[in-house]
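Novice: File follows, upload35.cif with mmCIF, N, CA and C atoms:
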```
data_protein
#
loop_
_atom_site.group_PDB
_atom_site.id
_atom_site.type_symbol
_atom_site.label_atom_id
_atom_site.label_comp_id
_atom_site.auth_asym_id
_atom_site.auth_seq_id
_atom_site.Cartn_x
_atom_site.Cartn_y
_atom_site.Cartn_z
ATOM 1 N N MET A 1477 52.173 18.627 2.887
ATOM 2 C CA MET A 1477 52.203 19.725 1.971
ATOM 3 C C MET A 1477 52.334 19.182 0.544
ATOM 4 N N ALA A 1478 51.573 19.763 -0.374
ATOM 5 C CA ALA A 1478 51.598 19.312 -1.763
ATOM 6 C C ALA A 1478 52.889 19.739 -2.447
ATOM 7 N N LYS A 1479 53.413 18.845 -3.251
ATOM 8 C CA LYS A 1479 54.632 19.136 -3.993
ATOM 9 C C LYS A 1479 54.300 20.098 -5.127
ATOM 10 N N LYS A 1480 55.140 21.145 -5.301
ATOM 11 C CA LYS A 1480 54.900 22.114 -6.362
ATOM 12 C C LYS A 1480 55.164 21.486 -7.715
ATOM 13 N N LYS A 1481 54.269 21.767 -8.647
ATOM 14 C CA LYS A 1481 54.384 21.237 -9.995
ATOM 15 C C LYS A 1481 55.408 22.059 -10.784
ATOM 16 N N LYS A 1482 56.313 21.369 -11.444
ATOM 17 C CA LYS A 1482 57.313 22.027 -12.297
ATOM 18 C C LYS A 1482 56.665 22.371 -13.636
ATOM 19 N N PRO A 1483 57.094 23.484 -14.244
ATOM 20 C CA PRO A 1483 56.561 23.830 -15.565
ATOM 21 C C PRO A 1483 56.916 22.767 -16.602
ATOM 22 N N THR A 1484 56.047 22.581 -17.552
ATOM 23 C CA THR A 1484 56.289 21.655 -18.641
ATOM 24 C C THR A 1484 57.063 22.371 -19.740
ATOM 25 N N LYS A 1485 58.183 21.809 -20.118
ATOM 26 C CA LYS A 1485 58.987 22.374 -21.207
ATOM 27 C C LYS A 1485 58.284 22.037 -22.524
ATOM 28 N N LEU A 1486 57.917 23.065 -23.254
ATOM 29 C CA LEU A 1486 57.168 22.897 -24.499
ATOM 30 C C LEU A 1486 58.099 22.914 -25.697
ATOM 31 N N SER A 1487 57.692 22.252 -26.775
ATOM 32 C CA SER A 1487 58.462 22.314 -28.017
ATOM 33 C C SER A 1487 57.735 23.130 -29.073
ATOM 34 N N GLN A 1488 56.402 23.211 -28.942
ATOM 35 C CA GLN A 1488 55.618 23.996 -29.887
ATOM 36 C C GLN A 1488 54.227 24.241 -29.331
ATOM 37 N N VAL A 1489 53.574 25.258 -29.881
ATOM 38 C CA VAL A 1489 52.173 25.529 -29.588
ATOM 39 C C VAL A 1489 51.486 25.841 -30.903
ATOM 40 N N SER A 1490 50.179 25.652 -30.925
ATOM 41 C CA SER A 1490 49.379 26.019 -32.084
ATOM 42 C C SER A 1490 48.770 27.384 -31.807
ATOM 43 N N LEU A 1491 48.893 28.284 -32.769
ATOM 44 C CA LEU A 1491 48.400 29.643 -32.591
ATOM 45 C C LEU A 1491 47.826 30.146 -33.902
ATOM 46 N N LEU A 1492 46.547 30.441 -33.893
ATOM 47 C CA LEU A 1492 45.855 30.943 -35.081
ATOM 48 C C LEU A 1492 46.087 30.049 -36.300
ATOM 49 N N GLY A 1493 46.050 28.747 -36.057
ATOM 50 C CA GLY A 1493 46.192 27.775 -37.134
ATOM 51 C C GLY A 1493 47.622 27.525 -37.587
ATOM 52 N N GLN A 1494 48.580 28.098 -36.906
ATOM 53 C CA GLN A 1494 49.982 27.913 -37.280
ATOM 54 C C GLN A 1494 50.756 27.289 -36.118
ATOM 55 N N THR A 1495 51.789 26.559 -36.445
ATOM 56 C CA THR A 1495 52.643 25.959 -35.426
ATOM 57 C C THR A 1495 53.759 26.937 -35.086
ATOM 58 N N ILE A 1496 53.867 27.247 -33.798
ATOM 59 C CA ILE A 1496 54.903 28.148 -33.302
ATOM 60 C C ILE A 1496 55.873 27.317 -32.475
ATOM 61 N N GLU A 1497 57.137 27.338 -32.849
ATOM 62 C CA GLU A 1497 58.165 26.596 -32.123
ATOM 63 C C GLU A 1497 58.509 27.336 -30.834
ATOM 64 N N ILE A 1498 58.679 26.584 -29.758
ATOM 65 C CA ILE A 1498 59.098 27.141 -28.474
ATOM 66 C C ILE A 1498 60.531 26.685 -28.213
ATOM 67 N N VAL A 1499 61.409 27.649 -27.957
ATOM 68 C CA VAL A 1499 62.828 27.381 -27.711
ATOM 69 C C VAL A 1499 63.183 27.979 -26.358
ATOM 70 N N TYR A 1500 64.036 27.292 -25.617
ATOM 71 C CA TYR A 1500 64.506 27.792 -24.318
ATOM 72 C C TYR A 1500 65.972 28.158 -24.438
ATOM 73 N N CYS A 1501 66.338 29.292 -23.840
ATOM 74 C CA CYS A 1501 67.701 29.800 -23.950
ATOM 75 C C CYS A 1501 68.274 30.065 -22.559
ATOM 76 N N ASP A 1502 69.461 29.526 -22.298
ATOM 77 C CA ASP A 1502 70.111 29.702 -20.997
ATOM 78 C C ASP A 1502 70.759 31.076 -20.840
ATOM 79 N N SER A 1503 71.129 31.714 -21.932
ATOM 80 C CA SER A 1503 71.914 32.952 -21.858
ATOM 81 C C SER A 1503 71.111 34.213 -22.192
ATOM 82 N N MET A 1504 69.821 34.167 -22.017
ATOM 83 C CA MET A 1504 68.952 35.283 -22.365
ATOM 84 C C MET A 1504 68.808 36.253 -21.200
ATOM 85 N N GLU A 1505 68.958 37.552 -21.454
ATOM 86 C CA GLU A 1505 68.745 38.542 -20.396
ATOM 87 C C GLU A 1505 67.256 38.812 -20.180
ATOM 88 N N ASP A 1506 66.499 38.904 -21.284
ATOM 89 C CA ASP A 1506 65.050 39.106 -21.190
ATOM 90 C C ASP A 1506 64.387 37.794 -20.788
ATOM 91 N N TRP A 1507 63.106 37.873 -20.435
ATOM 92 C CA TRP A 1507 62.352 36.666 -20.102
ATOM 93 C C TRP A 1507 61.896 35.930 -21.349
ATOM 94 N N GLY A 1508 61.660 36.680 -22.447
ATOM 95 C CA GLY A 1508 61.201 36.038 -23.665
ATOM 96 C C GLY A 1508 61.217 36.992 -24.842
ATOM 97 N N ARG A 1509 61.058 36.414 -26.031
ATOM 98 C CA ARG A 1509 60.925 37.211 -27.251
ATOM 99 C C ARG A 1509 60.263 36.335 -28.308
ATOM 100 N N CYS A 1510 59.685 36.997 -29.296
ATOM 101 C CA CYS A 1510 59.079 36.230 -30.379
ATOM 102 C C CYS A 1510 59.625 36.713 -31.717
ATOM 103 N N ASP A 1511 59.637 35.818 -32.682
ATOM 104 C CA ASP A 1511 60.124 36.104 -34.026
ATOM 105 C C ASP A 1511 59.048 35.655 -35.000
ATOM 106 N N ILE A 1512 58.320 36.639 -35.545
ATOM 107 C CA ILE A 1512 57.208 36.342 -36.444
ATOM 108 C C ILE A 1512 57.688 35.659 -37.722
ATOM 109 N N ASP A 1513 58.861 36.053 -38.224
ATOM 110 C CA ASP A 1513 59.355 35.479 -39.477
ATOM 111 C C ASP A 1513 59.716 34.008 -39.329
ATOM 112 N N ARG A 1514 60.272 33.643 -38.195
ATOM 113 C CA ARG A 1514 60.651 32.243 -37.950
ATOM 114 C C ARG A 1514 59.558 31.459 -37.232
ATOM 115 N N LYS A 1515 58.469 32.145 -36.865
ATOM 116 C CA LYS A 1515 57.380 31.504 -36.103
ATOM 117 C C LYS A 1515 57.941 30.814 -34.867
ATOM 118 N N THR A 1516 58.731 31.589 -34.099
ATOM 119 C CA THR A 1516 59.417 31.055 -32.925
ATOM 120 C C THR A 1516 59.229 31.971 -31.730
ATOM 121 N N ILE A 1517 58.978 31.366 -30.595
ATOM 122 C CA ILE A 1517 58.988 32.073 -29.319
ATOM 123 C C ILE A 1517 60.162 31.503 -28.528
ATOM 124 N N THR A 1518 61.020 32.401 -28.049
ATOM 125 C CA THR A 1518 62.159 31.993 -27.240
ATOM 126 C C THR A 1518 61.898 32.431 -25.806
ATOM 127 N N LEU A 1519 62.010 31.492 -24.882
ATOM 128 C CA LEU A 1519 61.814 31.769 -23.467
ATOM 129 C C LEU A 1519 63.125 31.550 -22.719
ATOM 130 N N SER A 1520 63.376 32.375 -21.731
ATOM 131 C CA SER A 1520 64.533 32.172 -20.880
ATOM 132 C C SER A 1520 64.358 30.875 -20.101
ATOM 133 N N SER A 1521 65.432 30.138 -19.957
ATOM 134 C CA SER A 1521 65.381 28.903 -19.165
ATOM 135 C C SER A 1521 65.003 29.183 -17.712
ATOM 136 N N ARG A 1522 65.185 30.430 -17.252
ATOM 137 C CA ARG A 1522 64.771 30.810 -15.894
ATOM 138 C C ARG A 1522 63.281 30.574 -15.682
ATOM 139 N N CYS A 1523 62.509 30.634 -16.755
ATOM 140 C CA CYS A 1523 61.055 30.422 -16.665
ATOM 141 C C CYS A 1523 60.709 29.032 -16.147
ATOM 142 N N LEU A 1524 61.611 28.099 -16.339
ATOM 143 C CA LEU A 1524 61.332 26.716 -15.949
ATOM 144 C C LEU A 1524 61.469 26.473 -14.450
ATOM 145 N N LYS A 1525 61.880 27.483 -13.706
ATOM 146 C CA LYS A 1525 62.017 27.336 -12.258
ATOM 147 C C LYS A 1525 60.684 27.467 -11.534
ATOM 148 N N HIS A 1526 59.755 28.245 -12.105
ATOM 149 C CA HIS A 1526 58.466 28.490 -11.451
ATOM 150 C C HIS A 1526 57.342 28.452 -12.482
ATOM 151 N N THR A 1527 56.297 27.724 -12.170
ATOM 152 C CA THR A 1527 55.165 27.578 -13.078
ATOM 153 C C THR A 1527 54.565 28.931 -13.446
ATOM 154 N N HIS A 1528 54.415 29.828 -12.463
ATOM 155 C CA HIS A 1528 53.815 31.134 -12.742
ATOM 156 C C HIS A 1528 54.669 31.930 -13.729
ATOM 157 N N ASP A 1529 55.996 31.930 -13.545
ATOM 158 C CA ASP A 1529 56.884 32.642 -14.464
ATOM 159 C C ASP A 1529 56.776 32.082 -15.872
ATOM 160 N N HIS A 1530 56.740 30.755 -15.979
ATOM 161 C CA HIS A 1530 56.650 30.102 -17.284
ATOM 162 C C HIS A 1530 55.337 30.462 -17.967
ATOM 163 N N SER A 1531 54.243 30.306 -17.253
ATOM 164 C CA SER A 1531 52.926 30.566 -17.841
ATOM 165 C C SER A 1531 52.756 32.029 -18.231
ATOM 166 N N SER A 1532 53.124 32.941 -17.338
ATOM 167 C CA SER A 1532 52.910 34.359 -17.635
ATOM 168 C C SER A 1532 53.831 34.842 -18.759
ATOM 169 N N THR A 1533 55.058 34.335 -18.822
ATOM 170 C CA THR A 1533 55.963 34.726 -19.907
ATOM 171 C C THR A 1533 55.478 34.158 -21.234
ATOM 172 N N LEU A 1534 55.019 32.913 -21.222
ATOM 173 C CA LEU A 1534 54.480 32.317 -22.445
ATOM 174 C C LEU A 1534 53.269 33.113 -22.935
ATOM 175 N N ILE A 1535 52.345 33.440 -22.047
ATOM 176 C CA ILE A 1535 51.168 34.224 -22.435
ATOM 177 C C ILE A 1535 51.592 35.583 -22.980
ATOM 178 N N HIS A 1536 52.566 36.220 -22.343
ATOM 179 C CA HIS A 1536 53.061 37.512 -22.809
ATOM 180 C C HIS A 1536 53.594 37.410 -24.240
ATOM 181 N N GLU A 1537 54.435 36.422 -24.499
ATOM 182 C CA GLU A 1537 55.022 36.267 -25.830
ATOM 183 C C GLU A 1537 53.989 35.816 -26.862
ATOM 184 N N VAL A 1538 53.039 34.978 -26.463
ATOM 185 C CA VAL A 1538 51.951 34.586 -27.373
ATOM 186 C C VAL A 1538 51.132 35.822 -27.746
ATOM 187 N N THR A 1539 50.897 36.714 -26.799
ATOM 188 C CA THR A 1539 50.158 37.944 -27.093
ATOM 189 C C THR A 1539 50.923 38.793 -28.107
ATOM 190 N N HIS A 1540 52.239 38.915 -27.934
ATOM 191 C CA HIS A 1540 53.057 39.615 -28.946
ATOM 192 C C HIS A 1540 52.873 38.965 -30.311
ATOM 193 N N MET A 1541 52.952 37.636 -30.349
ATOM 194 C CA MET A 1541 52.845 36.924 -31.623
ATOM 195 C C MET A 1541 51.477 37.160 -32.262
ATOM 196 N N ILE A 1542 50.420 37.160 -31.459
ATOM 197 C CA ILE A 1542 49.076 37.424 -31.990
ATOM 198 C C ILE A 1542 49.014 38.810 -32.609
ATOM 199 N N PHE A 1543 49.550 39.811 -31.913
ATOM 200 C CA PHE A 1543 49.553 41.167 -32.463
ATOM 201 C C PHE A 1543 50.354 41.237 -33.761
ATOM 202 N N GLU A 1544 51.458 40.522 -33.827
ATOM 203 C CA GLU A 1544 52.257 40.529 -35.047
ATOM 204 C C GLU A 1544 51.560 39.772 -36.171
ATOM 205 N N MET A 1545 50.961 38.625 -35.860
ATOM 206 C CA MET A 1545 50.278 37.840 -36.886
ATOM 207 C C MET A 1545 49.043 38.561 -37.415
ATOM 208 N N SER A 1546 48.400 39.347 -36.562
ATOM 209 C CA SER A 1546 47.179 40.054 -36.968
ATOM 210 C C SER A 1546 47.473 41.366 -37.678
ATOM 211 N N GLY A 1547 48.705 41.846 -37.586
ATOM 212 C CA GLY A 1547 49.068 43.107 -38.224
ATOM 213 C C GLY A 1547 49.032 44.300 -37.292
ATOM 214 N N VAL A 1548 48.487 44.141 -36.096
ATOM 215 C CA VAL A 1548 48.396 45.249 -35.143
ATOM 216 C C VAL A 1548 49.785 45.806 -34.838
ATOM 217 N N ALA A 1549 50.786 44.950 -34.769
ATOM 218 C CA ALA A 1549 52.147 45.376 -34.433
ATOM 219 C C ALA A 1549 52.757 46.274 -35.509
ATOM 220 N N TYR A 1550 52.150 46.323 -36.660
ATOM 221 C CA TYR A 1550 52.724 47.090 -37.765
ATOM 222 C C TYR A 1550 51.976 48.384 -38.045
ATOM 223 N N MET A 1551 51.083 48.779 -37.153
ATOM 224 C CA MET A 1551 50.377 50.050 -37.310
ATOM 225 C C MET A 1551 51.378 51.192 -37.212
ATOM 226 N N GLU A 1552 51.088 52.294 -37.896
ATOM 227 C CA GLU A 1552 52.015 53.428 -37.915
ATOM 228 C C GLU A 1552 52.301 53.951 -36.512
ATOM 229 N N HIS A 1553 51.270 54.161 -35.718
ATOM 230 C CA HIS A 1553 51.433 54.628 -34.341
ATOM 231 C C HIS A 1553 51.131 53.449 -33.423
ATOM 232 N N ASN A 1554 52.165 52.744 -33.068
ATOM 233 C CA ASN A 1554 51.990 51.492 -32.344
ATOM 234 C C ASN A 1554 52.873 51.472 -31.098
ATOM 235 N N ASP A 1555 52.272 51.075 -29.998
ATOM 236 C CA ASP A 1555 53.033 50.830 -28.781
ATOM 237 C C ASP A 1555 52.697 49.412 -28.335
ATOM 238 N N GLU A 1556 53.211 48.466 -29.100
ATOM 239 C CA GLU A 1556 52.852 47.062 -28.905
ATOM 240 C C GLU A 1556 53.085 46.582 -27.478
ATOM 241 N N GLU A 1557 54.195 46.967 -26.864
ATOM 242 C CA GLU A 1557 54.471 46.500 -25.501
ATOM 243 C C GLU A 1557 53.384 46.975 -24.539
ATOM 244 N N ALA A 1558 52.916 48.200 -24.714
ATOM 245 C CA ALA A 1558 51.834 48.706 -23.859
ATOM 246 C C ALA A 1558 50.556 47.908 -24.078
ATOM 247 N N TYR A 1559 50.252 47.574 -25.330
ATOM 248 C CA TYR A 1559 49.058 46.770 -25.622
ATOM 249 C C TYR A 1559 49.164 45.393 -24.978
ATOM 250 N N VAL A 1560 50.322 44.762 -25.129
ATOM 251 C CA VAL A 1560 50.533 43.423 -24.575
ATOM 252 C C VAL A 1560 50.394 43.449 -23.060
ATOM 253 N N ARG A 1561 51.028 44.409 -22.415
ATOM 254 C CA ARG A 1561 50.962 44.488 -20.951
ATOM 255 C C ARG A 1561 49.538 44.762 -20.470
ATOM 256 N N CYS A 1562 48.792 45.555 -21.217
ATOM 257 C CA CYS A 1562 47.397 45.824 -20.860
ATOM 258 C C CYS A 1562 46.572 44.539 -20.936
ATOM 259 N N VAL A 1563 46.686 43.823 -22.040
ATOM 260 C CA VAL A 1563 45.919 42.589 -22.223
ATOM 261 C C VAL A 1563 46.307 41.560 -21.162
ATOM 262 N N GLU A 1564 47.618 41.365 -20.951
ATOM 263 C CA GLU A 1564 48.030 40.330 -20.008
ATOM 264 C C GLU A 1564 47.692 40.688 -18.567
ATOM 265 N N SER A 1565 47.727 41.970 -18.222
ATOM 266 C CA SER A 1565 47.413 42.339 -16.841
ATOM 267 C C SER A 1565 45.937 42.119 -16.525
ATOM 268 N N LEU A 1566 45.117 42.077 -17.550
ATOM 269 C CA LEU A 1566 43.694 41.793 -17.353
ATOM 270 C C LEU A 1566 43.381 40.311 -17.546
ATOM 271 N N LEU A 1567 44.009 39.699 -18.527
ATOM 272 C CA LEU A 1567 43.686 38.320 -18.898
ATOM 273 C C LEU A 1567 44.284 37.278 -17.952
ATOM 274 N N ILE A 1568 45.547 37.404 -17.610
ATOM 275 C CA ILE A 1568 46.193 36.388 -16.770
ATOM 276 C C ILE A 1568 45.499 36.238 -15.418
ATOM 277 N N PRO A 1569 45.248 37.331 -14.690
ATOM 278 C CA PRO A 1569 44.548 37.154 -13.407
ATOM 279 C C PRO A 1569 43.160 36.528 -13.569
ATOM 280 N N TRP A 1570 42.461 36.890 -14.624
ATOM 281 C CA TRP A 1570 41.124 36.327 -14.842
ATOM 282 C C TRP A 1570 41.229 34.827 -15.118
ATOM 283 N N LEU A 1571 42.173 34.416 -15.954
ATOM 284 C CA LEU A 1571 42.339 32.989 -16.248
ATOM 285 C C LEU A 1571 42.677 32.191 -14.992
ATOM 286 N N ILE A 1572 43.577 32.727 -14.160
ATOM 287 C CA ILE A 1572 43.960 32.044 -12.923
ATOM 288 C C ILE A 1572 42.765 31.949 -11.979
ATOM 289 N N GLU A 1573 42.036 33.034 -11.857
ATOM 290 C CA GLU A 1573 40.892 33.083 -10.953
ATOM 291 C C GLU A 1573 39.768 32.153 -11.395
ATOM 292 N N ASN A 1574 39.655 31.951 -12.696
ATOM 293 C CA ASN A 1574 38.535 31.185 -13.228
ATOM 294 C C ASN A 1574 38.929 29.856 -13.873
ATOM 295 N N LYS A 1575 40.118 29.348 -13.546
ATOM 296 C CA LYS A 1575 40.585 28.110 -14.173
ATOM 297 C C LYS A 1575 39.642 26.931 -13.926
ATOM 298 N N ASP A 1576 38.893 26.975 -12.837
ATOM 299 C CA ASP A 1576 37.986 25.867 -12.541
ATOM 300 C C ASP A 1576 36.740 25.848 -13.421
ATOM 301 N N ILE A 1577 36.428 26.953 -14.089
ATOM 302 C CA ILE A 1577 35.255 26.983 -14.958
ATOM 303 C C ILE A 1577 35.602 26.855 -16.442
ATOM 304 N N LEU A 1578 36.897 26.854 -16.745
ATOM 305 C CA LEU A 1578 37.338 26.766 -18.128
ATOM 306 C C LEU A 1578 37.586 25.314 -18.494
ATOM 307 N N ASP A 1579 37.021 24.900 -19.596
ATOM 308 C CA ASP A 1579 37.156 23.520 -20.063
ATOM 309 C C ASP A 1579 38.076 23.462 -21.268
ATOM 310 N N PHE A 1580 39.366 23.342 -21.017
ATOM 311 C CA PHE A 1580 40.335 23.244 -22.115
ATOM 312 C C PHE A 1580 40.927 21.870 -22.130
#
```
As structure tokens, please, write out the structure in this file.
Specialist:
Amino acid sequence: MAKKKKPTKLSQVSLLGQTIEIVYCDSMEDWGRCDIDRKTITLSSRCLKHTHDHSSTLIHEVTHMIFEMSGVAYMEHNDEEAYVRCVESLLIPWLIENKDILDF
């Protein structure tokens, strides 16, 4: 049986030409959050137990950051969490299903 791969603990990611710091927190109740002003994404340390949890939480928070960086999060009538969940529920399964055809 193949050994399960542990998630890689990240220190930063590049997003829309900017460096976003990744921080892990042991005492977080939520899975993640992002701070546009500090250009920081904070992930719960629980994410490091399973690759899927880490990847999906990171994608979720990156999507929040994209909406905030683009200004979508600041629209007068905005339901950012609904937008993020819609995008991730479509994008994450597609990326997993098609990882063999993506050249990153």
Novice: Can you list, as a ChimeraX atom specification, every residue of chain A that DSSP puts in alpha helix (DSSP H)?
Specialist: /A:1527-1546,1556-1573
Novice: Hey, can you check how far atom CA of A:Asn1574 sits from atom CA of A:Thr1516?
Specialist: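 Calculated distance between atom CA of A:Asn1574 and atom CA of A:Thr1516 is 28.7 Å.
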Novice: I'd like the neighbourhood of A:Asp1506 as a list in words, where a residue qualifies if any of its atoms comes within 8 Å (using only N, CA and C atoms), though same-chain residues fewer than 2 positions away should be ignored.
Specialist: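 Counting only N, CA and C atoms, the residues come to Ser1503, Met1504, Gly1508, Arg1509, Thr1518, Leu1519, Ser1520 and Ser1521 of chain A.
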Novice: Do you have the atom CA of A:Ile1512-atom CA of A:Glu1544 distance handy?
Specialist: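 Interatomic distance here is 6.6 Å.
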Novice: Identify which of the residues A:Asp1513, A:Glu1557, A:Glu1564, A:Asp1576 lies closest to A:Ser1531, counting only C-alpha atoms when measuring atom-to-atom distances.
Specialist: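 Smallest distance to A:Ser1531 is found for A:Glu1564.
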Novice: Restricting the calculation to all atoms listed in the file: of A:Cys1523, A:Cys1510, A:Ser1565, A:Tyr1500, which residue gets closest to A:Ser1487?
Specialist: A:Tyr1500
Novice: Neighbours of A:Val1563 within 10 Å (only C-alpha atoms; same-chain residues fewer than 4 positions away dropped), as a CSV table (one decimal) with N, CA and C atoms, keeping the file's coordinate frame?
Specialist:
```
chain,number,residue,atom,x,y,z
A,1535,ILE,N,52.3,33.4,-22.0
A,1535,ILE,CA,51.2,34.2,-22.4
A,1535,ILE,C,51.6,35.6,-23.0
A,1536,HIS,N,52.6,36.2,-22.3
A,1536,HIS,CA,53.1,37.5,-22.8
A,1536,HIS,C,53.6,37.4,-24.2
A,1539,THR,N,50.9,36.7,-26.8
A,1539,THR,CA,50.2,37.9,-27.1
A,1539,THR,C,50.9,38.8,-28.1
A,1557,GLU,N,54.2,47.0,-26.9
A,1557,GLU,CA,54.5,46.5,-25.5
A,1557,GLU,C,53.4,47.0,-24.5
A,1558,ALA,N,52.9,48.2,-24.7
A,1558,ALA,CA,51.8,48.7,-23.9
A,1558,ALA,C,50.6,47.9,-24.1
A,1559,TYR,N,50.3,47.6,-25.3
A,1559,TYR,CA,49.1,46.8,-25.6
A,1559,TYR,C,49.2,45.4,-25.0
A,1567,LEU,N,44.0,39.7,-18.5
A,1567,LEU,CA,43.7,38.3,-18.9
A,1567,LEU,C,44.3,37.3,-18.0
A,1568,ILE,N,45.5,37.4,-17.6
A,1568,ILE,CA,46.2,36.4,-16.8
A,1568,ILE,C,45.5,36.2,-15.4
```
Novice: In Å, rounded to a single decimal, give me how far atom C of A:Met1541 is from atom N of A:Asn1554.
Specialist: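 Value for the atom N of A:Asn1554-atom C of A:Met1541 distance: 15.6 Å.
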Novice: Exactly which residues make up the result of the PyMOL selection byres ((chain A and resi 1496) around 6.5) on this file, given as a list in words?
Specialist: Ser1487, Gln1488, Val1489, Ser1490, Leu1491, Gln1494, Thr1495, Glu1497, Ile1498, Lys1515, Thr1516 and Ile1517 of chain A
Novice: Limited to N, CA and C atoms, could you put the picked residues into a file as an mmCIF file, in the frame of the given file?
Specialist:
```cif
data_model
loop_
_atom_site.group_PDB
_atom_site.id
_atom_site.type_symbol
_atom_site.label_atom_id
_atom_site.label_comp_id
_atom_site.auth_asym_id
_atom_site.auth_seq_id
_atom_site.Cartn_x
_atom_site.Cartn_y
_atom_site.Cartn_z
ATOM 1 N N SER A 1487 57.692 22.252 -26.775
ATOM 2 C CA SER A 1487 58.462 22.314 -28.017
ATOM 3 C C SER A 1487 57.735 23.130 -29.073
ATOM 4 N N GLN A 1488 56.402 23.211 -28.942
ATOM 5 C CA GLN A 1488 55.618 23.996 -29.887
ATOM 6 C C GLN A 1488 54.227 24.241 -29.331
ATOM 7 N N VAL A 1489 53.574 25.258 -29.881
ATOM 8 C CA VAL A 1489 52.173 25.529 -29.588
ATOM 9 C C VAL A 1489 51.486 25.841 -30.903
ATOM 10 N N SER A 1490 50.179 25.652 -30.925
ATOM 11 C CA SER A 1490 49.379 26.019 -32.084
ATOM 12 C C SER A 1490 48.770 27.384 -31.807
ATOM 13 N N LEU A 1491 48.893 28.284 -32.769
ATOM 14 C CA LEU A 1491 48.400 29.643 -32.591
ATOM 15 C C LEU A 1491 47.826 30.146 -33.902
ATOM 16 N N GLN A 1494 48.580 28.098 -36.906
ATOM 17 C CA GLN A 1494 49.982 27.913 -37.280
ATOM 18 C C GLN A 1494 50.756 27.289 -36.118
ATOM 19 N N THR A 1495 51.789 26.559 -36.445
ATOM 20 C CA THR A 1495 52.643 25.959 -35.426
ATOM 21 C C THR A 1495 53.759 26.937 -35.086
ATOM 22 N N GLU A 1497 57.137 27.338 -32.849
ATOM 23 C CA GLU A 1497 58.165 26.596 -32.123
ATOM 24 C C GLU A 1497 58.509 27.336 -30.834
ATOM 25 N N ILE A 1498 58.679 26.584 -29.758
ATOM 26 C CA ILE A 1498 59.098 27.141 -28.474
ATOM 27 C C ILE A 1498 60.531 26.685 -28.213
ATOM 28 N N LYS A 1515 58.469 32.145 -36.865
ATOM 29 C CA LYS A 1515 57.380 31.504 -36.103
ATOM 30 C C LYS A 1515 57.941 30.814 -34.867
ATOM 31 N N THR A 1516 58.731 31.589 -34.099
ATOM 32 C CA THR A 1516 59.417 31.055 -32.925
ATOM 33 C C THR A 1516 59.229 31.971 -31.730
ATOM 34 N N ILE A 1517 58.978 31.366 -30.595
ATOM 35 C CA ILE A 1517 58.988 32.073 -29.319
ATOM 36 C C ILE A 1517 60.162 31.503 -28.528
#
```
Novice: Leaving out A:Glu1556 and any residue of its chain fewer than 6 positions from it, which residues lie within 10 Å of it when counting only C-alpha atoms, given as a list in words?
Specialist: Thr1539, His1540, Phe1543, Glu1544, Val1548, Ala1549, Tyr1550 and Cys1562 of chain A
Novice: Based on DSSP run over this structure's backbone, return all residues of stretch 1481-1559 of chain A in strand (DSSP E), as a ChimeraX atom specification.
Specialist: /A:1488-1491,1494-1501,1508-1511,1516-1520
Novice: May I ask which of the residues A:Asp1502, A:Glu1552, A:Ile1542, A:Ser1532 is the closest one to A:Leu1571, counting only C-alpha atoms?
Specialist: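 Of A:Asp1502, A:Glu1552, A:Ile1542, A:Ser1532, the one nearest A:Leu1571, counting only C-alpha atoms, is A:Ser1532.
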Novice: Using the chain letters and numbers from this file, what does the PyMOL selection byres ((chain A and resi 1484) around 8) select? Give the answer as a PyMOL selection string.
Specialist: chain A and resi 1481-1483+1485-1487+1524+1526-1527+1530-1531
Novice: Write out as JSON an axis-aligned box for stretch 1494-1506 of chain A: all of its atoms listed in the file, 3 Å added on each side, centre and edge lengths in Å with one decimal.
Specialist:
```
{"center_x": 60.2, "center_y": 32.5, "center_z": -28.7, "size_x": 29.3, "size_y": 19.1, "size_z": 23.1}
```
